[in-house]
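**Q** Provided herewith is a single structure, encoded as structure tokens, for subsequent inquiry.
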Amino acid sequence: MNLADLTRPDFPILRRVVNAHPLVFLDSAASSQKPTAVLEAMTRYYEQNHANVHRSIHTLGEEATELYEAARDAARAFIGAASREEVIFTRGTTEGVNLVAQAVGRTLSPGDEIIVTELEHHSNLIPWQMVCRDRGARLHAVPVSDGAHLDVAAYDRLLSARTRVVAFAHVSNVLGTINPVADMTRKAHDAGALVLVDGAQAVPHLPVDVSALGVDFYVFSGHKMLGPTGIGVLYGRRSVLERLEPAWGGGEMIKEVWIDHAQWNDLPWRFEPGTPPIAPAVGLHAAVEYLEKIGMARVAAHEQAITALCLDALAQITGVSVYGPRNPEIKGAVVAFNVDGLHPHDGAALLDQRGIGLRAGHHCAQPLMRRLGIVGALRASFSVYTSADDIERLAAAVSAIKSDL
Amino acid sequence: MALYSDVVRERFRRPRFRGRLEAPDAAFEDVNPLCGDRIRIECRLADGRLADARFTGDSCAIAAASADVLLEMAMGRPVDEVQSLDVPAILERLDADIRASRLKCVALPLAVLQGALEGKEVAR
């Protein structure tokens, strides 16, 4: 059975009618929809088990703590982390990058260098700009060479003994380019640098094994992988986390406190000050189980087939330009494109009038837009529930809106 | 009422005030944070009035139509009257069903024109 046929009944929102058309949802890279299993897990938690975690010596507190920590174990297994101490819950990818930038940033000195890439989402760029400003460090970016891939030779030239951090996306949120994480990480380690990978567009779509990739930090969000908003994961290699001071202070992250100093808690709680997002963690656990039941290899194969369909359909429409790799086998579940003479926001508004929801604009990647020489683009992005019919509806609508304005 | 009303489509296709002025007395440009679109407006002033004005910029149809009807409304009027023009006046001219998510597209040309008349400098 086709995966979309199997999954679509699990997503109540897909039955909506928008602007008098059955909804075609092609904005999963911004945030995916949620299956009933995730919604029910969170409701059940709030109705049956909610209390604060770790400190409450009563039944509900213990149940909530068990559920929260079980979510950590599920996330650990899902991404192949070696131990639960390496899995830190955050509010999302952006918070994960900021946490690492601040914690590692404290160890930087003037003259140190950080390398990012030209295809980063702003969330993996601005925190490093801020660190560089505060510490007198220098920021370099690996250019995108052919409109689709990182310039590997330029990366090799930028790496040096001064490089302290290399931060880059696993999968580009615009181009869909899958970057060679293991290779780039090995080179960074040879130069003595730490590596942070933004996996926001990878974990929902591909099998990911952080231990095999060898990275020091790997961050992603729950809400792009069928889970709720307000929860994300920061994977940190244990030996690296152990040397870092916590980024932020508060309750939960301490063992013993005096008025002028404190002793930090063990990993992973050292990096989780304050009451954590408990219900979202429970929802993330349900999302992980949902994806594991399908199997990430099958998820990737389905989305690759949808990406191929979309690339083929758009290639047949005159006046449509597509960005990023054309080969769906080396591409994530996104297709960015423009229609001649149509501003992307007008394109998105006209598609919305036909019930099709997709993202338009700079996709929080303005340096990449500048490199591509465009103000923005439309972006269709896919998930386990995206069907061939969705792509047919998109292609027909793109052909039709060309004469709307 | 449609988002892309007859007025919006007509002004987008055949703008009356798109272009540049030679040696303008005032000019300003700014960016829509929603989409990164940039609109520039150049003005010529005479006797305390807006004697001429033109706009340029890669923008969506809503922002382009807004700029075009705005300059038509402002042309020839005393500067203090132009400074008191507001978004509802432009919306009325556009005659379009514009939702909150696109109001910034309507408002940008007005902010740019008023910025030019206040003598604002372009940030880079």
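Following the order of the structure tokens, chains are lettered A, B, ..., residues in each are numbered from 1, and ligands are numbered from 1.
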Taking only C-alpha atoms into account, produce a table as CSV in which each residue of chain B with an atom at most 6 Å from an atom of chain A appears once, together with its shortest atom pair and the distance in Å to one decimal, ordered by chain and rising number.

**A**
```
residue,atom,partner,partner_atom,distance
B:Arg9,CA,A:Leu405,CA,5.6
B:Cys35,CA,A:Gly361,CA,5.2
B:Cys60,CA,A:His343,CA,5.0
```

**Q** Would you mind exporting the chosen residues as a CSV table (one decimal), in the first residue's frame, restricted to C-alpha atoms?

**A**
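As a result, result-v2.csv now contains:
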```csv
chain,number,residue,atom,x,y,z
B,9,ARG,CA,-4.3,43.7,-11.1
B,35,CYS,CA,9.6,39.0,2.5
B,60,CYS,CA,4.7,41.6,-5.0
```

**Q** Would you mind writing down, as a ChimeraX atom specification, each residue of segment 6-106 of chain B that DSSP on the backbone assigns to alpha helix (DSSP H)?

**A** /B:6-13,61-74,79-83,87-94,103-106

**Q** Kindly save the residues from that selection, with N, CA and C atoms included, as a compact mmCIF listing (two decimals), in the first residue's frame.

**A**
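selection.txt, freshly written:
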```
# COMPACT_ATOMS: atom_id res chain seq x y z
N ASP B 6 -9.68 44.07 -9.24
CA ASP B 6 -9.40 44.69 -10.54
C ASP B 6 -8.38 45.81 -10.40
N VAL B 7 -8.51 46.60 -9.31
CA VAL B 7 -7.58 47.72 -9.11
C VAL B 7 -6.16 47.19 -8.95
N VAL B 8 -5.99 46.17 -8.09
CA VAL B 8 -4.64 45.63 -7.84
C VAL B 8 -4.04 45.09 -9.14
N ARG B 9 -4.81 44.32 -9.89
CA ARG B 9 -4.26 43.71 -11.11
C ARG B 9 -3.93 44.78 -12.16
N GLU B 10 -4.82 45.76 -12.29
CA GLU B 10 -4.60 46.82 -13.28
C GLU B 10 -3.35 47.65 -12.94
N ARG B 11 -3.21 48.01 -11.66
CA ARG B 11 -2.05 48.82 -11.25
C ARG B 11 -0.74 48.04 -11.33
N PHE B 12 -0.83 46.70 -11.08
CA PHE B 12 0.37 45.86 -11.16
C PHE B 12 0.82 45.72 -12.61
N ARG B 13 -0.16 45.52 -13.50
CA ARG B 13 0.17 45.33 -14.92
C ARG B 13 0.61 46.62 -15.58
N ALA B 61 2.62 42.06 -6.13
CA ALA B 61 1.60 42.88 -6.79
C ALA B 61 0.91 43.82 -5.79
N ILE B 62 0.73 43.36 -4.56
CA ILE B 62 0.04 44.17 -3.56
C ILE B 62 0.86 45.43 -3.25
N ALA B 63 2.17 45.25 -3.01
CA ALA B 63 3.01 46.40 -2.68
C ALA B 63 3.12 47.35 -3.88
N ALA B 64 3.25 46.78 -5.08
CA ALA B 64 3.36 47.62 -6.27
C ALA B 64 2.08 48.42 -6.49
N ALA B 65 0.93 47.77 -6.35
CA ALA B 65 -0.34 48.48 -6.53
C ALA B 65 -0.54 49.52 -5.45
N SER B 66 -0.12 49.19 -4.23
CA SER B 66 -0.23 50.14 -3.13
C SER B 66 0.61 51.39 -3.41
N ALA B 67 1.85 51.18 -3.89
CA ALA B 67 2.72 52.31 -4.21
C ALA B 67 2.10 53.17 -5.30
N ASP B 68 1.52 52.52 -6.29
CA ASP B 68 0.98 53.25 -7.44
C ASP B 68 -0.24 54.11 -7.04
N VAL B 69 -1.17 53.53 -6.28
CA VAL B 69 -2.34 54.35 -5.89
C VAL B 69 -1.93 55.41 -4.87
N LEU B 70 -0.95 55.10 -4.02
CA LEU B 70 -0.48 56.08 -3.03
C LEU B 70 0.09 57.32 -3.72
N LEU B 71 0.95 57.10 -4.72
CA LEU B 71 1.58 58.25 -5.37
C LEU B 71 0.52 59.06 -6.12
N GLU B 72 -0.47 58.38 -6.66
CA GLU B 72 -1.56 59.11 -7.32
C GLU B 72 -2.32 59.98 -6.31
N MET B 73 -2.57 59.41 -5.12
CA MET B 73 -3.30 60.16 -4.09
C MET B 73 -2.48 61.34 -3.57
N ALA B 74 -1.15 61.17 -3.51
CA ALA B 74 -0.29 62.16 -2.85
C ALA B 74 0.13 63.29 -3.79
N VAL B 79 2.83 68.82 1.63
CA VAL B 79 3.59 67.77 2.29
C VAL B 79 2.92 67.34 3.60
N ASP B 80 2.39 68.31 4.38
CA ASP B 80 1.79 67.90 5.66
C ASP B 80 0.54 67.04 5.44
N GLU B 81 -0.16 67.25 4.34
CA GLU B 81 -1.31 66.39 4.03
C GLU B 81 -0.85 64.99 3.66
N VAL B 82 0.25 64.91 2.91
CA VAL B 82 0.80 63.59 2.54
C VAL B 82 1.23 62.84 3.80
N GLN B 83 1.81 63.60 4.74
CA GLN B 83 2.28 62.96 5.98
C GLN B 83 1.12 62.40 6.81
N VAL B 87 -2.97 53.98 6.06
CA VAL B 87 -3.20 52.70 5.37
C VAL B 87 -4.67 52.49 4.99
N PRO B 88 -5.63 52.81 5.87
CA PRO B 88 -7.03 52.62 5.46
C PRO B 88 -7.40 53.38 4.18
N ALA B 89 -6.81 54.56 3.98
CA ALA B 89 -7.11 55.31 2.76
C ALA B 89 -6.62 54.56 1.52
N ILE B 90 -5.45 53.92 1.64
CA ILE B 90 -4.92 53.14 0.52
C ILE B 90 -5.76 51.88 0.29
N LEU B 91 -6.14 51.24 1.39
CA LEU B 91 -6.96 50.02 1.28
C LEU B 91 -8.25 50.30 0.55
N GLU B 92 -8.84 51.47 0.84
CA GLU B 92 -10.10 51.83 0.19
C GLU B 92 -9.92 51.94 -1.32
N ARG B 93 -8.80 52.56 -1.72
CA ARG B 93 -8.50 52.69 -3.15
C ARG B 93 -8.26 51.35 -3.82
N LEU B 94 -7.59 50.43 -3.09
CA LEU B 94 -7.24 49.14 -3.68
C LEU B 94 -8.47 48.25 -3.85
N LEU B 103 -0.82 42.99 5.12
CA LEU B 103 -0.97 44.43 5.38
C LEU B 103 0.37 45.17 5.29
N LYS B 104 1.46 44.45 5.65
CA LYS B 104 2.79 45.08 5.56
C LYS B 104 3.12 45.45 4.12
N CYS B 105 2.63 44.65 3.17
CA CYS B 105 2.87 44.93 1.75
C CYS B 105 2.18 46.24 1.35
N VAL B 106 1.00 46.48 1.92
CA VAL B 106 0.27 47.72 1.65
C VAL B 106 0.97 48.90 2.32
```

**Q** Among segment 126-269 of chain A, which ones does DSSP place in strand (DSSP E), written as a ChimeraX atom specification?

**A** /A:138-142,163-169,194-198,217-221,232-236,254-257,262-264

**Q** Give me a file of those residues, with N, CA and C atoms, as a tab-separated table (two decimals), in the first residue's frame.

**A**
```tsv
chain	number	residue	atom	x	y	z
A	138	ARG	N	36.12	35.53	14.29
A	138	ARG	CA	35.80	35.84	12.89
A	138	ARG	C	34.90	34.76	12.31
A	139	LEU	N	33.94	35.22	11.50
A	139	LEU	CA	32.98	34.31	10.89
A	139	LEU	C	33.30	34.16	9.40
A	140	HIS	N	33.39	32.90	8.94
A	140	HIS	CA	33.58	32.63	7.52
A	140	HIS	C	32.42	31.77	7.02
A	141	ALA	N	32.12	31.89	5.73
A	141	ALA	CA	31.03	31.08	5.17
A	141	ALA	C	31.53	30.31	3.96
A	142	VAL	N	31.23	29.02	3.92
A	142	VAL	CA	31.53	28.20	2.73
A	142	VAL	C	30.53	28.58	1.65
A	163	THR	N	40.33	27.60	13.37
A	163	THR	CA	38.91	27.22	13.34
A	163	THR	C	38.53	26.53	14.63
A	164	ARG	N	37.52	27.06	15.31
A	164	ARG	CA	37.10	26.45	16.58
A	164	ARG	C	35.76	25.73	16.45
A	165	VAL	N	34.91	26.25	15.55
A	165	VAL	CA	33.59	25.64	15.36
A	165	VAL	C	33.25	25.63	13.87
A	166	VAL	N	32.67	24.52	13.40
A	166	VAL	CA	32.08	24.47	12.07
A	166	VAL	C	30.60	24.12	12.27
A	167	ALA	N	29.72	24.98	11.73
A	167	ALA	CA	28.27	24.79	11.93
A	167	ALA	C	27.58	24.82	10.57
A	168	PHE	N	26.84	23.75	10.27
A	168	PHE	CA	26.19	23.69	8.96
A	168	PHE	C	24.96	22.79	9.00
A	169	ALA	N	24.10	22.98	7.99
A	169	ALA	CA	22.86	22.21	7.90
A	169	ALA	C	23.14	20.83	7.32
A	194	LEU	N	35.20	21.95	16.68
A	194	LEU	CA	33.95	21.26	17.03
A	194	LEU	C	32.97	21.41	15.88
A	195	VAL	N	32.04	20.46	15.77
A	195	VAL	CA	31.07	20.48	14.67
A	195	VAL	C	29.65	20.47	15.21
A	196	LEU	N	28.85	21.45	14.77
A	196	LEU	CA	27.41	21.45	15.05
A	196	LEU	C	26.66	21.28	13.74
A	197	VAL	N	25.73	20.34	13.71
A	197	VAL	CA	24.92	20.14	12.51
A	197	VAL	C	23.46	20.45	12.82
A	198	ASP	N	22.86	21.29	11.96
A	198	ASP	CA	21.44	21.62	12.05
A	198	ASP	C	20.67	20.54	11.28
A	217	PHE	N	27.75	18.09	17.96
A	217	PHE	CA	26.40	18.55	18.32
A	217	PHE	C	25.48	18.35	17.12
A	218	TYR	N	24.24	17.97	17.42
A	218	TYR	CA	23.25	17.79	16.34
A	218	TYR	C	21.92	18.28	16.89
A	219	VAL	N	21.27	19.21	16.21
A	219	VAL	CA	20.04	19.82	16.74
A	219	VAL	C	18.88	19.64	15.78
A	220	PHE	N	17.69	19.44	16.35
A	220	PHE	CA	16.48	19.36	15.52
A	220	PHE	C	15.24	19.67	16.34
A	221	SER	N	14.11	19.82	15.65
A	221	SER	CA	12.85	20.24	16.25
A	221	SER	C	11.82	19.13	16.19
A	232	GLY	N	12.48	20.35	21.22
A	232	GLY	CA	13.54	20.00	20.27
A	232	GLY	C	14.59	19.22	21.01
A	233	VAL	N	15.56	18.73	20.25
A	233	VAL	CA	16.63	17.94	20.85
A	233	VAL	C	17.97	18.55	20.47
A	234	LEU	N	18.84	18.64	21.47
A	234	LEU	CA	20.24	18.92	21.23
A	234	LEU	C	21.01	17.65	21.60
A	235	TYR	N	21.59	17.00	20.60
A	235	TYR	CA	22.51	15.90	20.90
A	235	TYR	C	23.88	16.52	21.10
A	236	GLY	N	24.56	16.12	22.16
A	236	GLY	CA	25.94	16.57	22.36
A	236	GLY	C	26.79	15.37	22.74
A	254	ILE	N	21.09	22.24	38.81
A	254	ILE	CA	22.08	22.31	39.89
A	254	ILE	C	21.97	21.10	40.81
A	255	LYS	N	23.07	20.84	41.56
A	255	LYS	CA	23.04	19.81	42.60
A	255	LYS	C	22.91	20.48	43.96
A	256	GLU	N	23.75	21.48	44.18
A	256	GLU	CA	23.75	22.14	45.47
A	256	GLU	C	24.05	23.61	45.24
A	257	VAL	N	23.32	24.48	45.98
A	257	VAL	CA	23.43	25.91	45.74
A	257	VAL	C	23.76	26.66	47.03
A	262	ALA	N	27.42	27.57	43.00
A	262	ALA	CA	26.58	26.38	42.91
A	262	ALA	C	27.37	25.26	42.26
A	263	GLN	N	26.91	24.05	42.53
A	263	GLN	CA	27.50	22.88	41.87
A	263	GLN	C	26.51	22.38	40.83
A	264	TRP	N	27.00	22.14	39.62
A	264	TRP	CA	26.09	21.77	38.52
A	264	TRP	C	25.58	20.34	38.67
```

**Q** So which residues touch segment 2-17 of chain A within 12 Å, counting only C-alpha atoms, skipping near sequence neighbours fewer than 4 positions away, as a ChimeraX atom specification?

**A** /A:21-26,32-40,226,287,290-291,293-303,305-306,352-357,382-390

**Q** Save out the residues we just selected, N, CA and C atoms, as a compact mmCIF listing (two decimals), in the first residue's frame.

**A**
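result.txt was written with the following content:
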```
# COMPACT_ATOMS: atom_id res chain seq x y z
N HIS A 21 -11.74 24.44 -1.43
CA HIS A 21 -11.03 23.31 -2.04
C HIS A 21 -10.53 22.39 -0.93
N PRO A 22 -10.49 21.07 -1.19
CA PRO A 22 -9.85 20.18 -0.20
C PRO A 22 -8.40 20.61 -0.02
N LEU A 23 -7.96 20.69 1.24
CA LEU A 23 -6.61 21.17 1.54
C LEU A 23 -5.54 20.31 0.88
N VAL A 24 -4.58 20.99 0.23
CA VAL A 24 -3.33 20.36 -0.19
C VAL A 24 -2.23 21.01 0.63
N PHE A 25 -1.67 20.26 1.57
CA PHE A 25 -0.69 20.86 2.48
C PHE A 25 0.73 20.52 2.03
N LEU A 26 1.43 21.54 1.54
CA LEU A 26 2.80 21.33 1.03
C LEU A 26 3.79 22.23 1.76
N SER A 32 5.29 20.33 10.21
CA SER A 32 4.46 19.23 9.71
C SER A 32 3.13 19.19 10.46
N GLN A 33 2.20 18.44 9.92
CA GLN A 33 0.94 18.19 10.63
C GLN A 33 1.14 17.05 11.63
N LYS A 34 0.13 16.85 12.50
CA LYS A 34 0.29 15.89 13.61
C LYS A 34 -0.72 14.75 13.51
N PRO A 35 -0.25 13.51 13.68
CA PRO A 35 -1.19 12.39 13.67
C PRO A 35 -1.97 12.32 14.99
N THR A 36 -3.11 11.67 14.93
CA THR A 36 -3.95 11.51 16.12
C THR A 36 -3.17 10.94 17.30
N ALA A 37 -2.26 10.02 17.03
CA ALA A 37 -1.50 9.38 18.11
C ALA A 37 -0.74 10.42 18.94
N VAL A 38 -0.21 11.45 18.30
CA VAL A 38 0.53 12.51 19.01
C VAL A 38 -0.44 13.36 19.82
N LEU A 39 -1.55 13.74 19.19
CA LEU A 39 -2.54 14.58 19.87
C LEU A 39 -3.10 13.85 21.10
N GLU A 40 -3.39 12.57 20.93
CA GLU A 40 -3.97 11.79 22.03
C GLU A 40 -2.97 11.57 23.16
N LEU A 226 6.33 15.60 12.88
CA LEU A 226 5.01 15.12 13.28
C LEU A 226 4.73 15.34 14.77
N ALA A 287 5.45 10.83 18.35
CA ALA A 287 5.83 11.07 16.95
C ALA A 287 6.97 10.14 16.54
N TYR A 290 5.60 6.79 15.95
CA TYR A 290 4.84 6.76 14.69
C TYR A 290 5.80 6.57 13.51
N LEU A 291 6.89 7.36 13.52
CA LEU A 291 7.86 7.27 12.42
C LEU A 291 8.59 5.94 12.43
N LYS A 293 7.46 3.11 13.47
CA LYS A 293 6.56 2.07 13.01
C LYS A 293 6.57 1.99 11.48
N ILE A 294 6.61 3.15 10.84
CA ILE A 294 6.71 3.16 9.37
C ILE A 294 8.11 2.69 8.97
N GLY A 295 9.11 3.20 9.67
CA GLY A 295 10.51 2.94 9.31
C GLY A 295 11.05 4.11 8.51
N MET A 296 12.18 4.66 8.94
CA MET A 296 12.69 5.88 8.29
C MET A 296 13.16 5.61 6.86
N ALA A 297 13.57 4.37 6.57
CA ALA A 297 13.97 4.06 5.19
C ALA A 297 12.76 4.18 4.27
N ARG A 298 11.60 3.73 4.76
CA ARG A 298 10.38 3.81 3.95
C ARG A 298 9.91 5.27 3.83
N VAL A 299 10.06 6.04 4.91
CA VAL A 299 9.72 7.46 4.86
C VAL A 299 10.56 8.14 3.78
N ALA A 300 11.87 7.88 3.81
CA ALA A 300 12.78 8.51 2.85
C ALA A 300 12.43 8.10 1.42
N ALA A 301 12.13 6.81 1.21
CA ALA A 301 11.81 6.33 -0.14
C ALA A 301 10.53 7.00 -0.66
N HIS A 302 9.52 7.11 0.21
CA HIS A 302 8.26 7.74 -0.19
C HIS A 302 8.50 9.20 -0.57
N GLU A 303 9.21 9.92 0.27
CA GLU A 303 9.40 11.35 0.02
C GLU A 303 10.29 11.59 -1.21
N ALA A 305 10.23 9.68 -3.84
CA ALA A 305 9.34 9.46 -4.98
C ALA A 305 8.46 10.70 -5.21
N ILE A 306 7.97 11.30 -4.12
CA ILE A 306 7.15 12.51 -4.24
C ILE A 306 7.98 13.66 -4.80
N ASP A 352 -3.05 29.51 -2.57
CA ASP A 352 -3.91 29.38 -1.38
C ASP A 352 -5.39 29.49 -1.77
N GLN A 353 -5.68 30.34 -2.75
CA GLN A 353 -7.07 30.46 -3.19
C GLN A 353 -7.57 29.17 -3.83
N ARG A 354 -6.63 28.29 -4.21
CA ARG A 354 -7.01 26.97 -4.74
C ARG A 354 -6.83 25.88 -3.69
N GLY A 355 -6.67 26.29 -2.43
CA GLY A 355 -6.60 25.32 -1.35
C GLY A 355 -5.22 24.73 -1.10
N ILE A 356 -4.19 25.31 -1.75
CA ILE A 356 -2.84 24.75 -1.64
C ILE A 356 -1.99 25.62 -0.71
N GLY A 357 -1.50 25.04 0.36
CA GLY A 357 -0.70 25.78 1.33
C GLY A 357 0.77 25.47 1.14
N PHE A 382 7.44 18.21 1.72
CA PHE A 382 6.67 16.97 1.80
C PHE A 382 6.86 16.24 3.12
N SER A 383 5.92 15.34 3.37
CA SER A 383 6.02 14.50 4.55
C SER A 383 5.42 13.13 4.24
N VAL A 384 5.21 12.34 5.28
CA VAL A 384 4.73 10.96 5.07
C VAL A 384 3.34 10.93 4.44
N TYR A 385 2.58 12.02 4.59
CA TYR A 385 1.20 12.04 4.12
C TYR A 385 1.04 12.70 2.75
N THR A 386 2.13 13.21 2.17
CA THR A 386 2.03 13.88 0.87
C THR A 386 1.76 12.82 -0.21
N SER A 387 0.76 13.12 -1.04
CA SER A 387 0.34 12.11 -2.04
C SER A 387 0.64 12.58 -3.46
N ALA A 388 0.62 11.62 -4.39
CA ALA A 388 0.79 11.96 -5.81
C ALA A 388 -0.31 12.92 -6.25
N ASP A 389 -1.49 12.76 -5.68
CA ASP A 389 -2.61 13.65 -5.99
C ASP A 389 -2.29 15.10 -5.58
N ASP A 390 -1.63 15.27 -4.43
CA ASP A 390 -1.23 16.62 -4.00
C ASP A 390 -0.34 17.28 -5.07
```

**Q** Restricting the calculation to only C-alpha atoms: of B:Leu50, B:Ala96, B:Ile41, B:Ala107, which residue gets closest to Glu29 of chain B?

**A**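 Smallest separation from Glu29 of chain B among the options: B:Ile41.
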
**Q** Excluding segment 377-381 of chain A and any residue of its chain fewer than 4 positions from it, enumerate the residues within 6 Å of it, using only C-alpha atoms, and give them as a PyMOL selection string.

**A** chain A and resi 26-29+333-338+344+358-361

**Q** For the residues in that selection, give me N, CA and C atoms as a short mmCIF file (atom, residue, chain, number, x, y, z; two decimals), in the first residue's frame.

**A**
```cif
data_model
loop_
_atom_site.label_atom_id
_atom_site.label_comp_id
_atom_site.auth_asym_id
_atom_site.auth_seq_id
_atom_site.Cartn_x
_atom_site.Cartn_y
_atom_site.Cartn_z
N LEU A 26 1.43 21.54 1.54
CA LEU A 26 2.80 21.33 1.03
C LEU A 26 3.79 22.23 1.76
N ASP A 27 3.59 22.38 3.07
CA ASP A 27 4.46 23.25 3.87
C ASP A 27 5.02 22.51 5.08
N SER A 28 5.33 21.23 4.91
CA SER A 28 5.78 20.42 6.04
C SER A 28 7.19 20.77 6.49
N ALA A 29 8.01 21.38 5.62
CA ALA A 29 9.35 21.78 6.04
C ALA A 29 9.28 22.92 7.04
N ALA A 333 13.30 16.56 1.12
CA ALA A 333 11.91 16.57 0.69
C ALA A 333 11.38 17.99 0.45
N VAL A 334 12.14 18.79 -0.29
CA VAL A 334 11.71 20.16 -0.63
C VAL A 334 12.01 20.47 -2.09
N VAL A 335 11.12 21.24 -2.72
CA VAL A 335 11.37 21.74 -4.07
C VAL A 335 11.06 23.23 -4.08
N ALA A 336 12.11 24.05 -4.27
CA ALA A 336 11.94 25.50 -4.36
C ALA A 336 11.87 25.90 -5.82
N PHE A 337 10.95 26.82 -6.14
CA PHE A 337 10.78 27.20 -7.54
C PHE A 337 10.18 28.61 -7.64
N ASN A 338 10.28 29.17 -8.83
CA ASN A 338 9.64 30.45 -9.12
C ASN A 338 8.88 30.35 -10.43
N PRO A 344 6.92 35.58 -5.46
CA PRO A 344 6.57 34.36 -4.71
C PRO A 344 5.37 34.54 -3.77
N LEU A 358 1.55 26.48 0.74
CA LEU A 358 3.00 26.30 0.71
C LEU A 358 3.70 27.60 1.08
N ARG A 359 4.97 27.51 1.35
CA ARG A 359 5.72 28.65 1.85
C ARG A 359 6.26 29.46 0.69
N ALA A 360 6.34 30.78 0.89
CA ALA A 360 6.95 31.65 -0.10
C ALA A 360 7.77 32.71 0.61
N GLY A 361 8.85 33.13 -0.03
CA GLY A 361 9.67 34.19 0.55
C GLY A 361 11.12 33.79 0.57
#
```

**Q** For Gly115 of chain B, which residue among B:Arg14, B:Arg49, B:Arg54, B:Arg40 is the nearest when counting only C-alpha atoms?

**A**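 Answer, going by the shortest atom-to-atom distance: B:Arg40.
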